[in-house]
Structure formats: structure tokens, C-alpha cells
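See below for final-v9.txt, which holds compact mmCIF, C-alpha atoms.
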```txt
# COMPACT_ATOMS: atom_id res chain seq x y z
CA MET A 1 -24.60 19.20 7.30
CA ALA A 2 -27.37 16.77 6.42
CA GLU A 3 -24.91 14.79 4.31
CA LEU A 4 -22.46 14.63 7.22
CA ILE A 5 -25.17 13.37 9.55
CA ARG A 6 -26.15 10.69 7.05
CA ASN A 7 -22.51 9.67 6.62
CA ALA A 8 -22.12 9.51 10.40
CA TRP A 9 -25.12 7.20 10.70
CA LEU A 10 -23.88 4.96 7.88
CA GLY A 11 -20.43 4.98 9.46
CA TRP A 12 -21.87 3.78 12.78
CA ILE A 13 -23.59 0.92 10.95
CA ARG A 14 -20.30 -0.05 9.25
CA PHE A 15 -18.43 0.25 12.53
CA THR A 16 -20.78 -2.14 14.33
CA GLN A 17 -21.11 -4.58 11.42
CA ASP A 18 -17.37 -5.22 11.23
CA GLY A 19 -17.29 -6.59 14.79
CA LYS A 20 -18.89 -6.40 18.22
CA ILE A 21 -16.02 -4.73 20.06
CA ALA A 22 -18.19 -1.62 20.38
CA ALA A 23 -20.83 -3.65 22.25
CA LEU A 24 -18.15 -5.14 24.50
CA PHE A 25 -16.79 -1.67 25.21
CA LEU A 26 -20.26 -0.38 26.11
CA ALA A 27 -20.84 -3.39 28.38
CA ALA A 28 -17.53 -2.73 30.16
CA LEU A 29 -18.43 0.95 30.48
CA LEU A 30 -21.84 0.12 31.92
CA PHE A 31 -20.27 -2.30 34.43
CA LEU A 32 -17.77 0.33 35.57
CA GLN A 33 -20.49 2.96 35.97
CA MET A 34 -22.73 0.65 38.00
CA ARG A 35 -20.06 -0.51 40.42
CA PRO A 36 -20.55 0.76 43.97
CA LYS A 37 -16.88 1.70 44.30
CA LYS A 38 -16.43 5.39 43.67
CA ALA A 39 -12.81 4.94 42.67
CA VAL A 40 -13.69 3.60 39.23
CA LYS A 41 -15.98 6.51 38.43
CA GLY A 42 -13.15 8.92 37.84
CA SER A 43 -12.56 11.35 35.02
CA PHE A 44 -11.13 8.63 32.75
CA VAL A 45 -14.35 6.60 32.69
CA LEU A 46 -16.51 9.72 32.46
CA TYR A 47 -14.45 10.99 29.54
CA ALA A 48 -14.79 7.65 27.75
CA ALA A 49 -18.56 7.64 28.29
CA GLY A 50 -18.95 11.22 27.08
CA MET A 51 -16.83 10.77 23.95
CA ALA A 52 -18.55 7.47 23.11
CA ALA A 53 -21.92 9.23 23.34
CA CYS A 54 -20.63 11.97 21.00
CA CYS A 55 -19.47 9.36 18.50
CA MET A 56 -22.79 7.49 18.56
CA VAL A 57 -25.17 10.46 18.26
CA PRO A 58 -25.27 11.40 14.55
CA VAL A 59 -25.32 15.18 15.12
CA THR A 60 -22.28 15.28 17.41
CA ALA A 61 -20.55 12.61 15.31
CA ALA A 62 -21.03 14.81 12.23
CA ALA A 63 -19.46 17.74 14.13
CA LEU A 64 -16.45 15.57 15.01
CA MET A 65 -16.14 14.45 11.39
CA LEU A 66 -16.21 18.09 10.31
CA TYR A 67 -13.50 18.89 12.85
CA GLN A 68 -11.20 16.09 11.65
CA THR A 69 -11.78 17.15 7.96
CA ARG A 70 -13.19 15.03 5.16
CA PHE A 71 -9.86 13.31 4.63
CA TYR A 72 -10.87 10.83 7.36
CA ASP A 73 -13.89 8.54 7.51
CA TYR A 74 -16.30 8.12 10.41
CA GLU A 75 -14.34 5.28 12.00
CA TRP A 76 -11.44 7.65 12.73
CA ILE A 77 -13.39 9.67 15.27
CA TRP A 78 -13.35 6.61 17.54
CA SER A 79 -9.64 7.20 18.01
CA LEU A 80 -10.80 9.85 20.51
CA VAL A 81 -12.36 7.10 22.64
CA PRO A 82 -10.08 4.83 24.73
CA VAL A 83 -11.97 1.71 23.64
CA THR A 84 -9.18 -0.80 24.34
CA ALA A 85 -8.18 0.72 27.67
CA VAL A 86 -11.75 0.91 29.03
CA THR A 87 -12.58 -2.61 27.86
CA ALA A 88 -9.43 -4.01 29.49
CA TYR A 89 -10.17 -2.00 32.64
CA GLY A 90 -13.69 -3.40 32.80
CA PHE A 91 -12.37 -6.96 32.33
CA ALA A 92 -9.82 -6.49 35.11
CA GLU A 93 -12.40 -5.06 37.51
CA PHE A 94 -14.83 -7.88 36.71
CA LEU A 95 -12.20 -10.56 37.37
CA THR A 96 -11.10 -8.79 40.55
CA GLU A 97 -14.69 -8.77 41.77
CA TYR A 98 -15.26 -12.42 40.91
CA TRP A 99 -11.94 -13.75 42.17
CA LYS A 100 -11.87 -11.98 45.52
CA ASP A 101 -13.07 -15.13 47.31
CA PHE A 102 -10.65 -17.46 45.48
CA LYS A 103 -7.36 -17.49 47.33
CA GLY A 104 -4.47 -19.90 47.44
CA SER A 105 -5.29 -23.27 45.86
CA LEU A 106 -8.86 -22.14 45.09
CA TRP A 107 -7.69 -20.00 42.16
CA ARG A 108 -8.62 -22.81 39.76
CA ARG A 109 -12.31 -22.20 40.52
CA GLY A 110 -12.04 -18.81 38.90
CA LEU A 111 -10.32 -20.11 35.79
CA PRO A 112 -13.59 -20.87 33.90
CA VAL A 113 -14.62 -17.23 34.25
CA ALA A 114 -11.34 -16.05 32.74
CA LEU A 115 -11.72 -18.50 29.86
CA LEU A 116 -15.32 -17.36 29.36
CA LEU A 117 -14.25 -13.71 29.11
CA LEU A 118 -11.47 -14.64 26.70
CA GLY A 119 -13.98 -16.50 24.51
CA VAL A 120 -16.34 -13.52 24.55
CA LEU A 121 -13.49 -11.22 23.51
CA LEU A 122 -12.51 -13.48 20.60
CA LEU A 123 -16.09 -13.87 19.40
CA CYS A 124 -16.85 -10.16 19.63
CA GLY A 125 -13.92 -9.47 17.33
CA GLY A 126 -15.07 -11.90 14.65
CA LEU A 127 -18.88 -11.96 14.57
CA GLY A 128 -19.21 -8.91 12.37
CA LYS A 129 -19.92 -9.35 8.70
CA PRO A 130 -17.14 -7.78 6.60
CA GLY A 131 -18.15 -5.02 4.20
CA TRP A 132 -16.54 -6.97 1.37
CA SER A 133 -16.13 -10.56 0.27
CA ARG A 134 -12.54 -11.82 0.48
CA TRP A 135 -13.35 -14.49 -2.11
CA GLU A 136 -14.74 -11.91 -4.56
CA GLU A 137 -11.74 -9.66 -3.94
CA ALA A 138 -9.37 -12.56 -4.68
CA GLN A 139 -11.26 -13.33 -7.89
CA GLU A 140 -11.13 -9.69 -9.01
CA ARG A 141 -7.41 -9.55 -8.31
CA LYS A 142 -6.84 -12.77 -10.24
CA GLN A 143 -8.83 -11.49 -13.24
CA ALA A 144 -7.01 -8.16 -13.12
CA GLN A 145 -3.68 -10.01 -13.10
CA LEU A 146 -4.63 -11.92 -16.26
CA LEU A 147 -5.69 -8.72 -18.01
CA ILE A 148 -2.59 -6.77 -16.97
CA ASP A 149 -0.35 -9.63 -18.09
CA GLY A 150 -2.13 -9.72 -21.46
CA ILE A 151 -1.72 -5.96 -21.93
CA ARG A 152 1.95 -6.08 -20.98
CA GLU A 153 2.53 -8.96 -23.40
CA ARG A 154 1.10 -6.87 -26.24
CA LEU A 155 2.86 -3.59 -25.40
CA GLY A 156 6.13 -5.04 -24.13
CA ASP A 157 8.28 -2.82 -21.94
CA GLY A 158 6.81 0.42 -23.28
CA GLN A 159 4.95 2.96 -21.17
CA ILE A 160 1.30 2.04 -20.60
CA TRP A 161 -1.34 4.66 -19.91
CA LEU A 162 -4.46 2.73 -19.02
CA TRP A 163 -8.16 3.48 -18.96
CA ALA A 164 -10.14 0.49 -17.73
CA PRO A 165 -13.03 -0.54 -15.47
CA GLU A 166 -12.77 0.17 -11.75
CA SER A 167 -12.14 -3.51 -10.93
CA VAL A 168 -8.95 -3.41 -13.03
CA MET A 169 -7.78 0.12 -12.20
CA GLU A 170 -7.92 -0.71 -8.49
CA TYR A 171 -5.19 -3.37 -8.78
CA ALA A 172 -3.28 -2.20 -11.86
CA ARG A 173 -0.52 -0.28 -10.10
CA GLU A 174 -0.18 -2.96 -7.46
CA LEU A 175 0.27 -5.67 -10.09
CA ASP A 176 2.50 -3.63 -12.42
CA GLY A 177 4.20 -0.51 -11.11
CA GLY A 178 5.10 0.59 -14.64
CA ILE A 179 1.48 1.29 -15.55
CA CYS A 180 0.14 4.85 -15.40
CA LEU A 181 -3.55 5.49 -14.84
CA VAL A 182 -5.74 8.28 -16.14
CA TYR A 183 -7.32 8.34 -12.64
CA GLY A 184 -6.86 6.39 -9.43
CA ARG A 185 -8.86 4.98 -6.54
CA ASN A 186 -9.54 8.46 -5.18
CA MET A 187 -12.00 8.83 -8.07
CA TRP A 188 -14.45 6.41 -6.42
CA GLU A 189 -13.09 6.77 -2.86
CA PRO A 190 -13.05 10.55 -2.21
CA ALA A 191 -11.72 9.99 1.33
CA LEU A 192 -8.33 9.24 -0.23
CA ASN A 193 -8.03 12.82 -1.48
CA ALA A 194 -5.62 14.95 0.53
CA TYR A 195 -7.97 17.94 0.49
CA THR A 196 -11.65 18.52 -0.25
CA TYR A 197 -10.69 20.56 -3.33
CA ASP A 198 -8.37 17.82 -4.63
CA ILE A 199 -10.70 16.64 -7.39
CA TYR A 200 -10.43 15.60 -11.03
CA ASP A 201 -11.34 17.63 -14.09
CA PRO A 202 -14.97 17.19 -15.22
CA SER A 203 -13.72 15.56 -18.42
CA VAL A 204 -11.84 12.88 -16.43
CA THR A 205 -14.85 12.37 -14.17
CA GLU A 206 -16.93 11.81 -17.31
CA LEU A 207 -14.49 9.05 -18.33
CA TYR A 208 -15.13 7.24 -15.05
CA GLN A 209 -18.89 7.63 -15.31
CA TRP A 210 -18.94 6.52 -18.95
CA MET A 211 -16.87 3.40 -18.17
CA GLY A 212 -19.27 2.51 -15.36
CA GLN A 213 -22.17 2.70 -17.86
CA ALA A 214 -20.36 0.94 -20.71
CA GLY A 215 -22.73 -1.99 -20.50
CA GLU A 216 -25.74 0.19 -21.35
CA ALA A 217 -26.57 0.52 -25.04
CA LEU A 218 -26.78 3.93 -26.64
CA PRO A 219 -30.23 5.44 -26.17
CA SER A 220 -32.59 5.53 -29.10
CA GLY A 221 -34.41 8.56 -30.43
CA GLU A 222 -33.33 12.02 -29.36
CA GLY A 223 -30.79 10.70 -26.85
CA TYR A 224 -28.79 8.84 -29.50
CA GLU A 225 -26.87 11.89 -30.71
CA GLU A 226 -26.04 12.91 -27.14
CA GLY A 227 -24.80 9.37 -26.45
CA CYS A 228 -22.55 9.48 -29.50
CA ALA A 229 -21.32 12.95 -28.49
CA ALA A 230 -20.39 11.58 -25.06
CA VAL A 231 -18.32 8.84 -26.74
CA ARG A 232 -16.52 11.44 -28.86
CA ARG A 233 -15.81 13.60 -25.79
CA CYS A 234 -14.31 10.60 -24.02
CA ALA A 235 -12.19 9.86 -27.08
CA GLU A 236 -10.86 13.43 -27.09
CA THR A 237 -10.10 13.25 -23.38
CA VAL A 238 -8.11 10.02 -23.59
CA LYS A 239 -6.12 11.46 -26.51
CA ALA A 240 -5.37 14.60 -24.53
CA LYS A 241 -4.32 12.57 -21.46
CA GLY A 242 -1.98 10.37 -23.48
CA VAL A 243 -3.91 7.14 -22.94
CA ASN A 244 -2.57 4.39 -25.20
CA CYS A 245 -4.49 1.39 -23.86
CA ILE A 246 -8.24 1.12 -23.27
CA LEU A 247 -9.92 -1.89 -21.74
CA LEU A 248 -13.70 -2.18 -21.93
CA PRO A 249 -15.65 -4.70 -19.82
CA ALA A 250 -16.89 -7.95 -21.31
CA ASP A 251 -20.51 -6.75 -21.12
CA ALA A 252 -19.82 -3.47 -22.96
CA ALA A 253 -22.57 -2.54 -25.42
CA LEU A 254 -21.47 -3.28 -28.99
CA ASP A 255 -22.74 0.04 -30.32
CA LYS A 256 -20.60 1.92 -27.78
CA VAL A 257 -17.58 -0.19 -28.69
CA ALA A 258 -18.14 0.58 -32.38
CA GLU A 259 -18.53 4.33 -31.72
CA LEU A 260 -15.34 4.41 -29.67
CA GLU A 261 -13.48 2.52 -32.39
CA ALA A 262 -14.63 5.07 -34.97
CA ALA A 263 -13.78 8.05 -32.77
CA LEU A 264 -10.26 6.77 -32.03
CA GLY A 265 -9.56 5.14 -35.37
CA ALA A 266 -8.58 1.91 -33.62
CA ARG A 267 -9.68 -1.71 -33.75
CA THR A 268 -10.61 -3.81 -30.74
CA ALA A 269 -9.18 -7.18 -29.80
CA ARG A 270 -10.55 -9.65 -27.25
CA LEU A 271 -8.58 -10.19 -24.06
CA GLU A 272 -10.01 -12.56 -21.43
CA GLY A 273 -13.48 -11.74 -22.73
CA CYS A 274 -12.96 -7.96 -22.54
CA TYR A 275 -12.46 -5.47 -25.36
CA LEU A 276 -8.93 -4.09 -25.74
CA LEU A 277 -8.00 -1.02 -27.81
CA ILE A 278 -4.33 -0.19 -28.37
CA LEU A 279 -3.74 3.39 -29.59
```
Taking this structure as input, can you express it in the form of C-alpha cells?
Amino acid sequence: MAELIRNAWLGWIRFTQDGKIAALFLAALLFLQMRPKKAVKGSFVLYAAGMAACCMVPVTAAALMLYQTRFYDYEWIWSLVPVTAVTAYGFAEFLTEYWKDFKGSLWRRGLPVALLLLGVLLLCGGLGKPGWSRWEEAQERKQAQLLIDGIRERLGDGQIWLWAPESVMEYARELDGGICLVYGRNMWEPALNAYTYDIYDPSVTELYQWMGQAGEALPSGEGYEEGCAAVRRCAETVKAKGVNCILLPADAALDKVAELEAALGARTARLEGCYLLIL
């Protein structure tokens, strides 16, 4: 439960960082609640206020996340809140209140208010800082394209079973549908799993962890033998899974590259600065 509460809090931070629509919704909700007219304080507004409070409080948000199952992230619980409808309702009521004295040819006096609200709506949708860099994503995709093209050039039209860094595996199937992966994005994004028990074998998980630590040299002293044993276990796993192409990052430790070469009986080649092993 503690993990769910932490995830709910982190989800709220992500939800508010990606834009200020939540703040605009809360402002509209507050305006509707403070209006003297009783007509606007119906069950619809009360429901929106109650569900929004449940989504913002970590404990109740965690309960909602548990109800919707772990397949969905925190942001999905906000589908229970009529954010768009309440915000639009608040805008309409605000304009109705402000324009009530502008009739006939005087409607132009209320136009600046409408333009102001439109500007606020546009800004609230774009002031959030994205959780990723579009430029970095484009660069990763471009680098992955070069690597995939290089691998395809070497293996031709044959079947490719690939084990590579996360930055390449993420785009491999998108760039070349004929490539098979030893694991997919659901390895590092568990929310993509259909069920909570839909997990990989420990040996495949070790492949992912080892690739993420490929840049670290083998430990010295007593840990050296364990490090070499981990390389040999990874080599046995890729053989068992039918992997015929391994791509190691450009910063991979040379001693790990050498151990993997020895365990697989293969030689590495350089491809766009990375280490490529064809089995």
C-alpha cells in the first residue's frame, strides 16, 4: 500500500507538470461553488469536487489505482472526473455573469474577456514541462535507425533476434517489423503488462539489468568471479532464447566485452561506435 501511495503522489506531480489544466479545472470548480445561485451547486458539480478530492489525496488515489488494477497509471483515475465538462461549464457561467449587462451593440465590450479566457486556456495547456525531451527522443530514434540499418545490412533478409540497450530496443520493432526482441518495453515499463503476474523469467530480467550496467567494469577481488559468472549466465540465456545479434553500448567496459566474446565464441565489430556480435 505504501508503494501505491508513493506512486499516486508521483503521478499527481507528473499530472500537474505536463500542463495546468488541473489548476484551471480547480479554479472553475471553486467559481461554481462560490456562486450565489443554487442552481449550479447540483449533484454534477458536487460529484466533480468529490472525485477530484479523491484523486488528489494520495490515500484515496491509491485506493482508486488499486481498483483500476496496475495495468493503468495514476493519470487514468482522472477519467472519473469530468474535467473538460466542469471547466467548460465554469467558463460559460463566468461569461454569462460578465456579459449580462452587454446587450445589443454593446457585445463588443465583452469581447476582451472572451479573448482573455481563451488565452488562459491555451497557456494552461502548454505551460507544463514535458516529462521527456522531444529533441533527445528524436536523436535516440535517429541513432537507433542507423544501428538497425547497419544490422540489417550485415544479416540481410534473415531473421534477427536482437539483444541491445534500452534506447535501441524501444524503437527496433517500430523501425523494422522483421526484428524479434528477447524482451520488449514492458521490461522497463511494467504498466504495459496485461496482468500483474505477466512478468519475464529471472534469467531474461538479468539480461536487461546486465545490459544497463554494461558500462561498469568487472569488479576486482572477490567480486571478479561473480562478475564473470554473470556474463556466462547471460551468454547461456541468449543462446537458449535464440538471440543471433547482440549490440553493446559504445561505453561498454572492455573486460565485459572480452568475457562475452569468450563465452559466446564470437568476435565483435564496431557499428556506429557500438559493439556488435553476430552469432
- Query: Using all atoms listed in the file, which residue out of A:Ala263, A:Leu66, A:Leu254, A:Ala28 lies closest to Cys228 in chain A?
  - Reply: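 Going through A:Ala263, A:Leu66, A:Leu254, A:Ala28 one by one, the smallest distance to Cys228 in chain A is for A:Ala263.
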- Rounded to one decimal place, report the CA of Lys142 in chain A-CA of Gln213 in chain A distance in Å. 23.1 Å
- Message: Calculated over all atoms listed in the file, which of the candidates A:Arg185, A:Leu147, A:Asp255, A:Val243 has the smallest distance to Gly273 in chain A?
- Response: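 Among A:Arg185, A:Leu147, A:Asp255, A:Val243, it is A:Leu147 that comes nearest to Gly273 in chain A.
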- Message: With distances taken over all atoms listed in the file, which residue among A:Lys20, A:Arg70, A:Arg154, A:Arg6 lies nearest Glu189 in chain A?
- Response: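 Answer, going by the shortest atom-to-atom distance: A:Arg70.
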- Write out as a list of chain:residue names the residues lying within 8 Å of range 88-92 of chain A, counting only C-alpha atoms and excluding same-chain residues fewer than 6 positions away.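 In the requested format, the answer is A:Ala28, A:Leu29, A:Phe31, A:Leu32, A:Leu117.
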- Task: In Å, rounded to a single decimal, give me how far CA of Met187 in chain A is from CA of Leu64 in chain A.
- Result: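 Distance between the two atoms: 24.5 Å.
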- Task: Quote the spacing between CA of Val168 in chain A and CA of Leu146 in chain A in Å to one decimal place.
- Result: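 We find that CA of Val168 in chain A and CA of Leu146 in chain A lie 10.1 Å from each other.
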- Item | Counting all atoms listed in the file, the option among A:Ala138, A:Ala235, A:Leu121, A:Leu115 closest to Met211 in chain A |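 Between A:Ala138, A:Ala235, A:Leu121, A:Leu115, the residue approaching Met211 in chain A most closely is A:Ala235.
Minimum atom-to-atom distances from A:Glu226, A:Glu136, A:Glu236, A:Glu206 to Gly265 in chain A were compared using only C-alpha atoms, and the lowest value belongs to A:Glu236.
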Could the centre and edge lengths of an axis-aligned box, enclosing all atoms of range 90-94 of chain A in the file with 8 Å extra on each side, be given in Å to one decimal as AutoDock Vina command-line options?
```
--center_x -12.3 --center_y -5.6 --center_z 34.9 --size_x 21.0 --size_y 20.5 --size_z 21.2
```
- Message: Between A:Val182, A:Ala258, A:Ile278, A:Met56, which residue has the minimum interatomic distance to Trp9 in chain A, considering only C-alpha atoms?
- Response: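 Looking at the shortest contact to Trp9 in chain A, the residue is A:Met56.
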Using N, CA, C and O atoms, give me range 222-249 of chain A from the structure I just pasted, as a PDB file, in the first residue's frame.
```
ATOM      1  N   GLU A 222      37.231 -10.315  -4.865  1.00  0.00           N
ATOM      2  CA  GLU A 222      36.309 -11.438  -4.737  1.00  0.00           C
ATOM      3  C   GLU A 222      35.128 -11.327  -5.701  1.00  0.00           C
ATOM      4  O   GLU A 222      34.535 -12.337  -6.085  1.00  0.00           O
ATOM      5  N   GLY A 223      34.755 -10.128  -6.087  1.00  0.00           N
ATOM      6  CA  GLY A 223      33.608  -9.956  -6.965  1.00  0.00           C
ATOM      7  C   GLY A 223      33.891 -10.256  -8.423  1.00  0.00           C
ATOM      8  O   GLY A 223      32.961 -10.323  -9.230  1.00  0.00           O
ATOM      9  N   TYR A 224      35.165 -10.463  -8.757  1.00  0.00           N
ATOM     10  CA  TYR A 224      35.518 -10.675 -10.166  1.00  0.00           C
ATOM     11  C   TYR A 224      34.911 -11.976 -10.700  1.00  0.00           C
ATOM     12  O   TYR A 224      34.343 -12.002 -11.797  1.00  0.00           O
ATOM     13  N   GLU A 225      35.026 -13.044  -9.938  1.00  0.00           N
ATOM     14  CA  GLU A 225      34.500 -14.332 -10.384  1.00  0.00           C
ATOM     15  C   GLU A 225      32.985 -14.290 -10.547  1.00  0.00           C
ATOM     16  O   GLU A 225      32.426 -14.870 -11.485  1.00  0.00           O
ATOM     17  N   GLU A 226      32.313 -13.584  -9.626  1.00  0.00           N
ATOM     18  CA  GLU A 226      30.855 -13.454  -9.741  1.00  0.00           C
ATOM     19  C   GLU A 226      30.485 -12.652 -10.977  1.00  0.00           C
ATOM     20  O   GLU A 226      29.515 -12.957 -11.670  1.00  0.00           O
ATOM     21  N   GLY A 227      31.280 -11.605 -11.277  1.00  0.00           N
ATOM     22  CA  GLY A 227      31.029 -10.814 -12.479  1.00  0.00           C
ATOM     23  C   GLY A 227      31.190 -11.645 -13.738  1.00  0.00           C
ATOM     24  O   GLY A 227      30.383 -11.546 -14.673  1.00  0.00           O
ATOM     25  N   CYS A 228      32.213 -12.470 -13.780  1.00  0.00           N
ATOM     26  CA  CYS A 228      32.431 -13.347 -14.938  1.00  0.00           C
ATOM     27  C   CYS A 228      31.322 -14.393 -15.035  1.00  0.00           C
ATOM     28  O   CYS A 228      30.875 -14.739 -16.139  1.00  0.00           O
ATOM     29  N   ALA A 229      30.857 -14.891 -13.878  1.00  0.00           N
ATOM     30  CA  ALA A 229      29.775 -15.875 -13.873  1.00  0.00           C
ATOM     31  C   ALA A 229      28.487 -15.254 -14.419  1.00  0.00           C
ATOM     32  O   ALA A 229      27.718 -15.907 -15.130  1.00  0.00           O
ATOM     33  N   ALA A 230      28.251 -13.976 -14.092  1.00  0.00           N
ATOM     34  CA  ALA A 230      27.072 -13.286 -14.611  1.00  0.00           C
ATOM     35  C   ALA A 230      27.135 -13.171 -16.133  1.00  0.00           C
ATOM     36  O   ALA A 230      26.125 -13.328 -16.825  1.00  0.00           O
ATOM     37  N   VAL A 231      28.330 -12.895 -16.675  1.00  0.00           N
ATOM     38  CA  VAL A 231      28.498 -12.828 -18.132  1.00  0.00           C
ATOM     39  C   VAL A 231      28.187 -14.174 -18.758  1.00  0.00           C
ATOM     40  O   VAL A 231      27.487 -14.267 -19.785  1.00  0.00           O
ATOM     41  N   ARG A 232      28.675 -15.256 -18.129  1.00  0.00           N
ATOM     42  CA  ARG A 232      28.434 -16.593 -18.681  1.00  0.00           C
ATOM     43  C   ARG A 232      26.952 -16.962 -18.608  1.00  0.00           C
ATOM     44  O   ARG A 232      26.413 -17.602 -19.522  1.00  0.00           O
ATOM     45  N   ARG A 233      26.271 -16.532 -17.541  1.00  0.00           N
ATOM     46  CA  ARG A 233      24.830 -16.816 -17.440  1.00  0.00           C
ATOM     47  C   ARG A 233      24.069 -16.086 -18.542  1.00  0.00           C
ATOM     48  O   ARG A 233      23.150 -16.648 -19.155  1.00  0.00           O
ATOM     49  N   CYS A 234      24.462 -14.852 -18.789  1.00  0.00           N
ATOM     50  CA  CYS A 234      23.818 -14.090 -19.872  1.00  0.00           C
ATOM     51  C   CYS A 234      24.063 -14.755 -21.221  1.00  0.00           C
ATOM     52  O   CYS A 234      23.163 -14.808 -22.075  1.00  0.00           O
ATOM     53  N   ALA A 235      25.274 -15.260 -21.421  1.00  0.00           N
ATOM     54  CA  ALA A 235      25.594 -15.934 -22.678  1.00  0.00           C
ATOM     55  C   ALA A 235      24.729 -17.176 -22.856  1.00  0.00           C
ATOM     56  O   ALA A 235      24.223 -17.449 -23.953  1.00  0.00           O
ATOM     57  N   GLU A 236      24.530 -17.945 -21.771  1.00  0.00           N
ATOM     58  CA  GLU A 236      23.680 -19.128 -21.863  1.00  0.00           C
ATOM     59  C   GLU A 236      22.231 -18.759 -22.147  1.00  0.00           C
ATOM     60  O   GLU A 236      21.530 -19.440 -22.903  1.00  0.00           O
ATOM     61  N   THR A 237      21.781 -17.653 -21.563  1.00  0.00           N
ATOM     62  CA  THR A 237      20.392 -17.238 -21.767  1.00  0.00           C
ATOM     63  C   THR A 237      20.142 -16.812 -23.209  1.00  0.00           C
ATOM     64  O   THR A 237      19.133 -17.197 -23.812  1.00  0.00           O
ATOM     65  N   VAL A 238      21.058 -16.036 -23.782  1.00  0.00           N
ATOM     66  CA  VAL A 238      20.848 -15.582 -25.162  1.00  0.00           C
ATOM     67  C   VAL A 238      20.909 -16.761 -26.133  1.00  0.00           C
ATOM     68  O   VAL A 238      20.183 -16.787 -27.137  1.00  0.00           O
ATOM     69  N   LYS A 239      21.735 -17.757 -25.830  1.00  0.00           N
ATOM     70  CA  LYS A 239      21.771 -18.959 -26.663  1.00  0.00           C
ATOM     71  C   LYS A 239      20.439 -19.702 -26.582  1.00  0.00           C
ATOM     72  O   LYS A 239      19.893 -20.141 -27.595  1.00  0.00           O
ATOM     73  N   ALA A 240      19.921 -19.815 -25.366  1.00  0.00           N
ATOM     74  CA  ALA A 240      18.665 -20.541 -25.174  1.00  0.00           C
ATOM     75  C   ALA A 240      17.488 -19.806 -25.820  1.00  0.00           C
ATOM     76  O   ALA A 240      16.532 -20.443 -26.283  1.00  0.00           O
ATOM     77  N   LYS A 241      17.539 -18.483 -25.860  1.00  0.00           N
ATOM     78  CA  LYS A 241      16.451 -17.687 -26.436  1.00  0.00           C
ATOM     79  C   LYS A 241      16.593 -17.506 -27.943  1.00  0.00           C
ATOM     80  O   LYS A 241      15.728 -16.900 -28.570  1.00  0.00           O
ATOM     81  N   GLY A 242      17.661 -18.024 -28.511  1.00  0.00           N
ATOM     82  CA  GLY A 242      17.826 -17.932 -29.958  1.00  0.00           C
ATOM     83  C   GLY A 242      18.329 -16.596 -30.454  1.00  0.00           C
ATOM     84  O   GLY A 242      18.185 -16.277 -31.643  1.00  0.00           O
ATOM     85  N   VAL A 243      18.935 -15.800 -29.571  1.00  0.00           N
ATOM     86  CA  VAL A 243      19.465 -14.497 -29.988  1.00  0.00           C
ATOM     87  C   VAL A 243      20.633 -14.706 -30.949  1.00  0.00           C
ATOM     88  O   VAL A 243      21.535 -15.511 -30.686  1.00  0.00           O
ATOM     89  N   ASN A 244      20.592 -13.995 -32.071  1.00  0.00           N
ATOM     90  CA  ASN A 244      21.699 -14.100 -33.041  1.00  0.00           C
ATOM     91  C   ASN A 244      22.375 -12.764 -33.307  1.00  0.00           C
ATOM     92  O   ASN A 244      23.250 -12.670 -34.168  1.00  0.00           O
ATOM     93  N   CYS A 245      21.983 -11.731 -32.575  1.00  0.00           N
ATOM     94  CA  CYS A 245      22.592 -10.413 -32.765  1.00  0.00           C
ATOM     95  C   CYS A 245      22.603  -9.678 -31.428  1.00  0.00           C
ATOM     96  O   CYS A 245      21.550  -9.488 -30.808  1.00  0.00           O
ATOM     97  N   ILE A 246      23.778  -9.294 -30.983  1.00  0.00           N
ATOM     98  CA  ILE A 246      23.932  -8.578 -29.716  1.00  0.00           C
ATOM     99  C   ILE A 246      24.604  -7.242 -29.994  1.00  0.00           C
ATOM    100  O   ILE A 246      25.622  -7.179 -30.688  1.00  0.00           O
ATOM    101  N   LEU A 247      24.020  -6.197 -29.444  1.00  0.00           N
ATOM    102  CA  LEU A 247      24.568  -4.859 -29.605  1.00  0.00           C
ATOM    103  C   LEU A 247      24.880  -4.299 -28.225  1.00  0.00           C
ATOM    104  O   LEU A 247      23.985  -4.165 -27.390  1.00  0.00           O
ATOM    105  N   LEU A 248      26.135  -3.996 -27.985  1.00  0.00           N
ATOM    106  CA  LEU A 248      26.558  -3.425 -26.708  1.00  0.00           C
ATOM    107  C   LEU A 248      26.796  -1.928 -26.882  1.00  0.00           C
ATOM    108  O   LEU A 248      27.241  -1.488 -27.950  1.00  0.00           O
ATOM    109  N   PRO A 249      26.510  -1.130 -25.862  1.00  0.00           N
ATOM    110  CA  PRO A 249      26.673   0.327 -25.994  1.00  0.00           C
ATOM    111  C   PRO A 249      28.121   0.734 -26.208  1.00  0.00           C
ATOM    112  O   PRO A 249      29.056  -0.027 -25.916  1.00  0.00           O
TER     113      PRO A 249
END
```
